[in-house]
Structure formats: structure tokens, C-alpha cells
Amino acid sequence: MGIFRNKPLIITVIIIIVLVVLLVASSSNGTISQSAGQAGGIFSPVQEFFYQVSSGIGGFFDGLINKDDQEQKNEELQSELEVFKSKSREYEELKKENERLSELLEYKQNNTNQELMLARITGKNPGNWFDVFTINLGRADGVKENMPVITADGLVGRIEEVNLNSSKVMAIIDARSSLSSIMERTREQAIVKGAISSNSLDDSLYITFLPLDADIMDGDKIITSGLDGVYPKGFLIGEVASSSDTEAEGKNVRIEPAVDFRRLEEVFVVTSMDGEETGTVSAANEVIGSTTVGEAAQPSPSSQPSDSAQPQGQ
Amino acid sequence: MRYVVLILMGIFGTILSGTAFSASFDLAGLGIQIDLVLLLVLALVLVEKNITPIIFAMATGLLMDMMFSTTLGMYALSYTVAAAVASIVAHRMEKFNSLHIFLIGAGGYIVKELVMALIVFAQGARQFDLGAIFLRDMLPSAAFAGALLLLVYLLVSLLYRNTWMRPRMSSHFMDEL
């Protein structure tokens with residue numbers, strides 16, 4: 001049997017079998033992937049550098065698209081113009097960063113009940129099947145699993161895996177994500193889920209199996225209810241983009257996330273709310289149990305529940 | 001030297017895949033994903049007639065899993081299977097023309113995505129419409145991967161013109177079958 005004497009083939013088959021076993025083991029046991037994540041974390045500074053550089057390159061091309069007329073300049077001025085353009089890009093980049101950080105600072109100042117840590121995004125898993133980001137804060141900074149991650153615009157996701165100096169964030173648009181929510185206007189409760197869309201440019205969230213008589217209008221704001229024990233109450237998830245009725249599944253609602261996931265650069269990790277540590281299911285439940293949370297959690301002025309003092313579960 | 005270059009290629013390919021090439025870009029309303037690691041793996045399959053591309057696929061895939069994924073083995077398995085399939089196909093061809101390279105690039109991308117879809121399905125992540133994803137997402141990206149493989153193959157084969165990059169001996173797993 002020549003097949004059993006064929007070393008390369010046997011090695012290939014063994015590699016595939018080992019990888020399948022590893023995949024199954026790491027899916028059922030978080031410690032394996034966490035240990036591997038620790039090793040992967042050593043590349044975090046290099047990752048951060050490349051992420052920042054690539055964001056800069058993206059900004060450069062955006063700038064070129066918006067400044068077509070600059071290509072018409074004559075050759076004599078070209079070199080001077082290049083210097084100017086380079087400085088201008090640097091300035092624009094700094095200005096944009098300043099605007100983003102000012103926005104985050106303003107949010108932090110308006111929400112003193114929340115302990116927030118600013119984190120930079122250092123990478124994203126390639127492909128469209130999962131939406132996981134890596135950030136530059138880890139266990140050494142006090143980050144724990146299940147801590148909510150937000151921006152001034154709204155909810156981003158939760159910490160899924162913590163390494164020493166970096167963490168992985170599962171975005172709310174990830175197909176595995178599922179969170180408890182309430183409609184700000186009607187106080188109707190629903191489960192918001194991420195999905196694998198047929199178009200990778202589509203970052204929509206979905207609510208399914210709502211009663212057909214549910215009062216939904218385009219533009220309705222959806223906020224976290226706090227009932228899932230992970231996300232505290234009051235964070236803005238997004239707005240209703242469209243809804244459709246089906247007899248079998250009830251009302252299906254498509255939600256446009258409040259956060260632009262394609263342009264994320266800095267985020268906040270919420271380490272505590274009202275003095276209660278986030279990041280554990282029990283801690284999150286304690287925060288939900290607090291009567292002041294509905295009033296205290298104000299991700300942005302626009303996202304504040306219209307009736308924030310309303311008791312939980314209504 | 002050969003292994004140093006391969007290791008550096010793997011590390012930088014992985015880092016760039018998770019940073020500069022992590023997001024899909026919009027091409028006439030279609031989301032195009034560039035998978036740099038897969039392109040390197042497939043280019044190695046075309047220039048090397050041994051098990052190195054399979055080992056490279058596994059190692060870079062594991063690195064990708066450690067750095068960007070929360071499930072160990074997801075990228076590693078999909079890259080390894082894609083490399084193995086491409087290797088079998090490439091081995092049957094005496095010579096490559098541009099169309100062959102394009103088809104190996106596009107086919108390799110589709111195989112990798114299908115393996116990932118299978119993993120996602122096995123994990124019970126969510127129901128999804130594979131047909132729609134295949135038409136709207138995989139096919140355009142696969143065509144793009146095929147076109148880009150021509151360029152990456154050219155660059156990698158230029159690198160392999162150096163004697164220090166060439167393997168000392170070469171045997172393919174289809175040779176003895």
C-alpha cells in the first residue's frame with residue numbers, strides 16, 4: 001500500500017486531523033484559545049503600529065479621492081505641493097484624532113458614574129464570518145472578560161478574551177452575539193442579534209420573532225435593557241432601519257448600529273458603573289438591580305431613555 | 001536563510017491581514033476581501049512541490065488564530081485544507097498559464113471560505129444563507145484573489161530565483177500515489 005509509505009500525504013492528513021481536534025477542543029474549552037491568545041499577544045505592539053499605519057494610508061486615499069483637482073497642479077510646484085500635502089495630511093489626521101478624543105472625553109465627563117478606560121484598536125480578524133477586534137488593553141490594565149466596550153456613539157461589544165496586554169472584543173454585529181434590548185419609545189423588549197450577512201459591507205443587527213402587533217417605527221432607538229447580565233442598561237445599540245412582517249416569524253426588524261464598525265479606532269472599556277465592577281455576569285446583574293442605573297447610564301444625550309426611571313422588566 | 005524568509009513572510013502576512021487588509025472594501029457595492037495569507041500560501045503551492053506550503057499554511061493560520069480569533073484552529077484548518085486542495089490540483093498540471101493561476105487563486109479562496117462556513121455552522125453561530133453569501137461575497141472576492149495571485153505568484157517566483165530560497169529536495173504527496 002503505497003499510500004501508507006507516502007510521508008508528505010500522511011503528514012498533511014495528520015496536520016488536518018490535529019487542527020480539527022484543536023478546533024473542537026478550543027471551541028469547548030476557552031482555556032486553550034486563551035493560552036494561545038497570550039502567545040499571540042506578544043505581537044500586539046507590532047499590530048498596533050500596522051493598524052495605525054494602515055488607518056493613515058486609508059486616510060491618505062480618502063484625501064486623494066476628495067482632492068482630485070490637486071492632480072492638475074503643474075510639475076514645478078509638485079515637490080512643494082507634496083511637502084504641503086504631507087503636512088496637511090498629518091494635520092488632518094491629528095485634527096481627526098483630536099475630534100475623536102474630544103468626543104470621547106466629553107462622553108467621559110458627562111458620564112461620571114462610569115469608570116472608563118480608553119483603548120486603541122490594534123487589529124480585526126480578517127474575513128466576514130466573525131467580528132472580533134483586538135485592543136491594546138489587557139489583564140495588566142484591569143480588563144476582565146465580559147466588560148462592555150463602547151464609544152461615544154453607542155455600544156461596540158464585550159470583552160471575549162483577555163491576554164496580558166491585549167484583549168479581544170466580540171462586536172455586537174458578530175453572528176454569535178445576542179443581547180437583551182428595549183425600544184426607547186415603546187419600552188418593548190427584544191433580543192438583538194448579529195448576523196452573517198450576504199454582503200460583507202452590511203453591518204446590520206436584527207430582531208426576530210417580535211409580535212406582529214409590536215409598535216415599531218423606522219428611526220426608533222434601541223438601547224440595552226441590562227437583563228442579559230452582561231451589558232448594563234441604557235447603552236445605545238442603534239436605530240430601526242426597516243421592519244417586515246412574516247406570519248411564521250412575526251415581525252423582523254433590521255437595526256442600523258449606532259457605531260460605525262468600519263471606522264473604529266478608539267473605544268472605551270467600561271470597567272465599572274456606579275461603583276459596581278462590570279465584567280462578570282453577577283456584577284452585571286447587581287448593576288441591573290440598582291434602581292439608579294436607568295437614570296445613570298447615559299451613553300449620549302440622544303440615547304437617553306425617555307422614561308429612564310421605569311422599573312426593569314417592563 | 002530560506003526558513004527565515006518564510007517565517008518573516010508568515011508573520012508580516014498575518015499582521016497585515018489583521019490590520020491593513022482586515023476590512024472588506026467596497027467595489028461597486030460588493031464587499032471585496034483580500035486574504036494576503038491565503039495568497040502567499042497559494043503562491044508557495046505553485047512554486048514549491050513539497051509539503052512546505054502545507055506547513056506554512058498551518059503555521060500562519062495558527063498565528064492568525066492566536067492573534068485575531070477566539071477559536072484556535074479556525075484559520076489554520078481552512079488555510080491548510082485550501083493549500084492541500086490547491087497542491088493536489090497544481091500537481092496535476094505540468095505547466096501553469098495565467099488562467100490556471102487565476103483558477104487556483106479563485107478556487108483556493110472558495111475552498112477556504114467553505115471550510116470557514118462549515119466551522120461557523122458546526123459552532124452553531126447562526127443560520128446564514130450560504131447561497132447568497134457565495135454569490136454576493138465569495139465569488140467577487142474569489143475572482144479578486146485569482147487576479148491578485150498572478151501578481152503574488154510573480155513576486156514569490158522572483159524571490160525563488162535566488163538559490164538560497166530553493167528547497168534542497170522536492171517530493172510531492174501525489175508523487176507516490
# chains A, B, ... in the order shown; residues from 1 in each chain; ligands from 1
$ select_by_dssp --residues "stretch 12-169 of chain B" --states "strand (DSSP E or B)" --output "VMD selection string"
chain B and resid 25 to 27 30 to 32
$ residues_around --residues "A:Ala175" --least-positions-apart "4" --cutoff "12 Å" --atoms "only C-alpha atoms" --output "list of chain:residue names"
A:Asn128, A:Trp129, A:Phe130, A:Asp131, A:Val132, A:Met170, A:Ala171, A:Leu179, A:Val192, A:Lys193, A:Gly194, A:Ala195, A:Ile196, A:Ser197, A:Asp203, A:Ser204, A:Leu205, A:Tyr206, B:Ala117, B:Val120, B:Phe121, B:Gln123, B:Gly124, B:Ala125, B:Arg126, B:Gln127, B:Phe128
$ residues_around --residues "A:Thr208" --least-positions-apart "2" --cutoff "12 Å" --atoms "only C-alpha atoms" --output "list in words"
Ser178, Gln189, Ala190, Ile191, Val192, Lys193, Gly194, Ala195, Leu205, Tyr206, Leu210, Pro211, Leu212, Ala214, Ser243, Ser244, Asp245, Thr246, Glu247, Ala248, Glu249, Gly250, Lys251, Asn252, Val253, Arg254 and Ile255 of chain A
$ write_last_selection --atoms "N, CA and C atoms" --output "compact mmCIF listing (two decimals), in the first residue's frame"
# COMPACT_ATOMS: atom_id res chain seq x y z
N SER A 178 -25.69 38.15 20.96
CA SER A 178 -27.12 38.21 21.25
C SER A 178 -27.27 39.03 22.53
N GLN A 189 -39.55 44.92 24.85
CA GLN A 189 -38.28 44.20 24.98
C GLN A 189 -38.04 43.27 23.80
N ALA A 190 -36.79 43.08 23.48
CA ALA A 190 -36.47 42.20 22.35
C ALA A 190 -35.02 41.73 22.47
N ILE A 191 -34.70 40.69 21.74
CA ILE A 191 -33.32 40.20 21.68
C ILE A 191 -32.70 40.66 20.35
N VAL A 192 -31.63 41.40 20.45
CA VAL A 192 -30.93 41.88 19.24
C VAL A 192 -29.79 40.93 18.93
N LYS A 193 -29.73 40.49 17.69
CA LYS A 193 -28.70 39.52 17.30
C LYS A 193 -27.87 40.03 16.13
N GLY A 194 -26.62 39.61 16.14
CA GLY A 194 -25.77 39.88 14.99
C GLY A 194 -26.07 38.83 13.92
N ALA A 195 -25.52 39.00 12.75
CA ALA A 195 -25.81 38.03 11.69
C ALA A 195 -24.67 38.00 10.69
N LEU A 205 -27.89 44.74 12.47
CA LEU A 205 -28.31 43.85 13.56
C LEU A 205 -29.76 43.49 13.31
N TYR A 206 -30.25 42.45 13.97
CA TYR A 206 -31.62 42.02 13.70
C TYR A 206 -32.38 41.67 14.96
N LEU A 210 -40.68 39.17 16.84
CA LEU A 210 -41.47 40.15 17.60
C LEU A 210 -42.94 39.93 17.26
N PRO A 211 -43.85 40.17 18.19
CA PRO A 211 -45.27 40.04 17.86
C PRO A 211 -45.63 40.96 16.69
N LEU A 212 -46.55 40.49 15.84
CA LEU A 212 -46.92 41.28 14.66
C LEU A 212 -47.52 42.64 15.03
N ALA A 214 -46.48 44.53 17.38
CA ALA A 214 -45.49 45.38 18.05
C ALA A 214 -45.41 46.73 17.33
N SER A 243 -38.48 47.27 8.89
CA SER A 243 -39.12 46.11 9.53
C SER A 243 -40.05 45.45 8.52
N SER A 244 -40.19 44.14 8.68
CA SER A 244 -41.09 43.42 7.77
C SER A 244 -41.88 42.38 8.57
N ASP A 245 -43.07 42.11 8.12
CA ASP A 245 -43.93 41.15 8.82
C ASP A 245 -43.95 39.81 8.09
N THR A 246 -43.76 38.74 8.85
CA THR A 246 -43.92 37.41 8.27
C THR A 246 -44.80 36.61 9.23
N GLU A 247 -45.71 35.84 8.68
CA GLU A 247 -46.63 35.10 9.55
C GLU A 247 -45.89 34.07 10.40
N ALA A 248 -44.88 33.44 9.80
CA ALA A 248 -44.18 32.37 10.52
C ALA A 248 -43.27 32.92 11.63
N GLU A 249 -42.60 34.02 11.33
CA GLU A 249 -41.60 34.52 12.28
C GLU A 249 -41.99 35.81 12.98
N GLY A 250 -43.18 36.30 12.73
CA GLY A 250 -43.58 37.56 13.33
C GLY A 250 -42.90 38.72 12.64
N LYS A 251 -42.63 39.75 13.43
CA LYS A 251 -42.03 40.95 12.83
C LYS A 251 -40.49 40.82 12.87
N ASN A 252 -39.87 41.05 11.73
CA ASN A 252 -38.41 41.07 11.67
C ASN A 252 -37.94 42.51 11.54
N VAL A 253 -37.01 42.88 12.38
CA VAL A 253 -36.56 44.28 12.38
C VAL A 253 -35.06 44.33 12.07
N ARG A 254 -34.71 45.21 11.15
CA ARG A 254 -33.29 45.42 10.86
C ARG A 254 -32.84 46.70 11.55
N ILE A 255 -31.73 46.60 12.25
CA ILE A 255 -31.25 47.76 13.02
C ILE A 255 -29.91 48.23 12.46
$ residues_around --residues "A:Gly238" --least-positions-apart "6" --cutoff "7 Å" --atoms "only C-alpha atoms" --output "PyMOL selection string"
chain A and resi 221-222+255-258
$ write_last_selection --atoms "N, CA and C atoms" --output "tab-separated table (two decimals), in the first residue's frame"
chain	number	residue	atom	x	y	z
A	221	LYS	N	-35.13	54.25	18.52
A	221	LYS	CA	-33.83	53.92	19.12
A	221	LYS	C	-33.95	52.65	19.97
A	222	ILE	N	-32.92	51.83	19.88
A	222	ILE	CA	-32.88	50.58	20.66
A	222	ILE	C	-31.73	50.70	21.66
A	255	ILE	N	-31.73	46.60	12.25
A	255	ILE	CA	-31.25	47.76	13.02
A	255	ILE	C	-29.91	48.23	12.46
A	256	GLU	N	-29.84	49.53	12.29
A	256	GLU	CA	-28.57	50.15	11.88
A	256	GLU	C	-27.79	50.45	13.17
A	257	PRO	N	-26.62	49.83	13.37
A	257	PRO	CA	-25.89	50.08	14.63
A	257	PRO	C	-25.51	51.56	14.78
A	258	ALA	N	-25.48	52.01	16.03
A	258	ALA	CA	-25.12	53.41	16.30
A	258	ALA	C	-23.64	53.64	16.00
$ residues_around --residues "B:Pro167" --least-positions-apart "6" --cutoff "9 Å" --atoms "only C-alpha atoms" --output "PyMOL selection string"
chain B and resi 2+48+50
$ select_by_dssp --residues "chain B" --states "helix (DSSP H, G or I)" --output "PyMOL selection string"
chain B and resi 2-18+36-47+52-68+74-91+98-122+130-159+163-165
$ write_last_selection --atoms "C-alpha atoms" --output "tab-separated table (two decimals), in the first residue's frame"
chain	number	residue	atom	x	y	z
B	2	ARG	CA	15.11	30.16	3.31
B	3	TYR	CA	13.28	29.46	6.58
B	4	VAL	CA	13.98	32.93	7.96
B	5	VAL	CA	12.36	34.45	4.86
B	6	LEU	CA	9.37	32.08	5.12
B	7	ILE	CA	8.91	32.87	8.84
B	8	LEU	CA	9.10	36.63	8.23
B	9	MET	CA	6.72	36.28	5.31
B	10	GLY	CA	4.28	34.43	7.55
B	11	ILE	CA	4.50	36.90	10.44
B	12	PHE	CA	4.16	40.04	8.33
B	13	GLY	CA	1.49	38.46	6.13
B	14	THR	CA	-0.53	37.62	9.23
B	15	ILE	CA	-0.14	41.04	10.82
B	16	LEU	CA	-1.04	42.84	7.59
B	17	SER	CA	-4.07	40.56	7.09
B	18	GLY	CA	-5.43	41.54	10.51
B	36	LEU	CA	-2.94	38.12	1.95
B	37	VAL	CA	-2.02	34.96	3.87
B	38	LEU	CA	-4.03	32.78	1.51
B	39	LEU	CA	-2.37	34.43	-1.48
B	40	LEU	CA	1.07	33.70	-0.02
B	41	VAL	CA	0.07	30.10	0.72
B	42	LEU	CA	-1.23	29.56	-2.81
B	43	ALA	CA	1.80	31.22	-4.38
B	44	LEU	CA	4.04	28.86	-2.37
B	45	VAL	CA	1.94	25.91	-3.56
B	46	LEU	CA	2.70	26.98	-7.12
B	47	VAL	CA	6.45	27.41	-6.63
B	52	THR	CA	6.36	23.36	2.86
B	53	PRO	CA	3.21	25.25	1.72
B	54	ILE	CA	1.05	22.97	3.90
B	55	ILE	CA	3.27	23.59	6.95
B	56	PHE	CA	3.33	27.31	6.10
B	57	ALA	CA	-0.49	27.35	5.85
B	58	MET	CA	-0.86	25.62	9.20
B	59	ALA	CA	1.70	27.82	10.98
B	60	THR	CA	0.42	31.16	9.64
B	61	GLY	CA	-3.16	30.03	10.25
B	62	LEU	CA	-2.34	29.21	13.88
B	63	LEU	CA	-0.64	32.58	14.26
B	64	MET	CA	-3.72	34.24	12.81
B	65	ASP	CA	-5.90	32.31	15.28
B	66	MET	CA	-3.72	33.34	18.20
B	67	MET	CA	-3.65	37.00	17.21
B	68	PHE	CA	-7.12	37.73	15.92
B	74	MET	CA	-10.26	28.13	12.52
B	75	TYR	CA	-7.90	29.89	10.14
B	76	ALA	CA	-5.27	27.14	10.41
B	77	LEU	CA	-7.68	24.45	9.25
B	78	SER	CA	-9.17	26.49	6.42
B	79	TYR	CA	-5.75	27.55	5.08
B	80	THR	CA	-4.36	24.02	5.37
B	81	VAL	CA	-7.29	22.45	3.54
B	82	ALA	CA	-7.14	25.15	0.84
B	83	ALA	CA	-3.37	24.58	0.47
B	84	ALA	CA	-3.83	20.78	0.27
B	85	VAL	CA	-6.55	21.05	-2.39
B	86	ALA	CA	-4.57	23.62	-4.40
B	87	SER	CA	-1.48	21.43	-4.08
B	88	ILE	CA	-3.29	18.40	-5.49
B	89	VAL	CA	-4.67	20.45	-8.39
B	90	ALA	CA	-1.34	22.18	-9.09
B	91	HIS	CA	0.48	18.86	-9.05
B	98	SER	CA	-2.31	32.74	-16.29
B	99	LEU	CA	-5.72	31.10	-16.40
B	100	HIS	CA	-4.53	28.17	-14.27
B	101	ILE	CA	-3.09	30.54	-11.69
B	102	PHE	CA	-6.27	32.59	-11.68
B	103	LEU	CA	-8.39	29.45	-11.18
B	104	ILE	CA	-6.16	28.18	-8.37
B	105	GLY	CA	-6.44	31.60	-6.65
B	106	ALA	CA	-10.21	31.77	-7.01
B	107	GLY	CA	-10.70	28.09	-6.16
B	108	GLY	CA	-8.40	28.30	-3.14
B	109	TYR	CA	-10.36	31.27	-1.82
B	110	ILE	CA	-13.68	29.44	-2.25
B	111	VAL	CA	-12.35	26.30	-0.54
B	112	LYS	CA	-11.08	28.39	2.39
B	113	GLU	CA	-14.40	30.22	2.74
B	114	LEU	CA	-16.40	26.99	2.52
B	115	VAL	CA	-14.30	25.41	5.27
B	116	MET	CA	-14.86	28.53	7.39
B	117	ALA	CA	-18.58	28.38	6.69
B	118	LEU	CA	-18.57	24.75	7.80
B	119	ILE	CA	-16.77	25.68	11.03
B	120	VAL	CA	-19.23	28.52	11.69
B	121	PHE	CA	-22.10	26.14	11.02
B	122	ALA	CA	-20.59	23.47	13.29
B	130	LEU	CA	-24.73	30.28	2.07
B	131	GLY	CA	-26.07	30.61	-1.48
B	132	ALA	CA	-26.46	34.37	-1.18
B	133	ILE	CA	-23.09	34.72	0.58
B	134	PHE	CA	-21.49	32.61	-2.16
B	135	LEU	CA	-22.89	34.78	-4.94
B	136	ARG	CA	-22.57	38.21	-3.38
B	137	ASP	CA	-19.49	37.81	-1.26
B	138	MET	CA	-17.36	34.77	-2.07
B	139	LEU	CA	-17.42	34.88	-5.87
B	140	PRO	CA	-16.32	38.53	-6.27
B	141	SER	CA	-13.61	38.11	-3.62
B	142	ALA	CA	-12.54	34.81	-5.21
B	143	ALA	CA	-12.21	36.48	-8.62
B	144	PHE	CA	-10.16	39.20	-7.00
B	145	ALA	CA	-8.00	36.59	-5.24
B	146	GLY	CA	-7.42	34.88	-8.60
B	147	ALA	CA	-6.28	38.12	-10.19
B	148	LEU	CA	-4.07	39.06	-7.24
B	149	LEU	CA	-2.49	35.60	-7.18
B	150	LEU	CA	-0.97	36.36	-10.58
B	151	LEU	CA	0.88	39.28	-9.02
B	152	VAL	CA	1.82	37.49	-5.80
B	153	TYR	CA	2.98	34.43	-7.78
B	154	LEU	CA	5.19	36.69	-9.87
B	155	LEU	CA	6.76	38.25	-6.78
B	156	VAL	CA	7.24	34.93	-4.99
B	157	SER	CA	8.75	33.28	-8.07
B	158	LEU	CA	11.17	36.22	-8.35
B	159	LEU	CA	12.16	35.51	-4.76
B	163	THR	CA	19.32	29.74	-4.87
B	164	TRP	CA	19.06	30.16	-1.10
B	165	MET	CA	15.26	30.15	-1.35
$ residues_around --residues "A:Tyr51" --least-positions-apart "6" --cutoff "10 Å" --atoms "only C-alpha atoms" --output "PyMOL selection string"
(chain A and resi 45+57+120-124+265) or (chain B and resi 15-16+18-22)
$ atom_distance --atom1 "atom CA of A:Met117" --atom2 "atom CA of A:Leu94"
20.8 Å
$ atom_distance --atom1 "atom CA of A:Ile237" --atom2 "atom CA of A:Glu145"
20.0 Å
$ atom_distance --atom1 "atom CA of A:Met273" --atom2 "atom CA of A:Leu137"
18.7 Å
$ closest_residue --among "A:Val269, A:Met217, A:Ile14, A:Ala152" --to "A:Gly138" --atoms "only C-alpha atoms"
A:Val269
$ closest_residue --among "B:Leu72, B:Asn97, B:Ile51, B:Gly31" --to "A:Asp202" --atoms "only C-alpha atoms"
B:Gly31
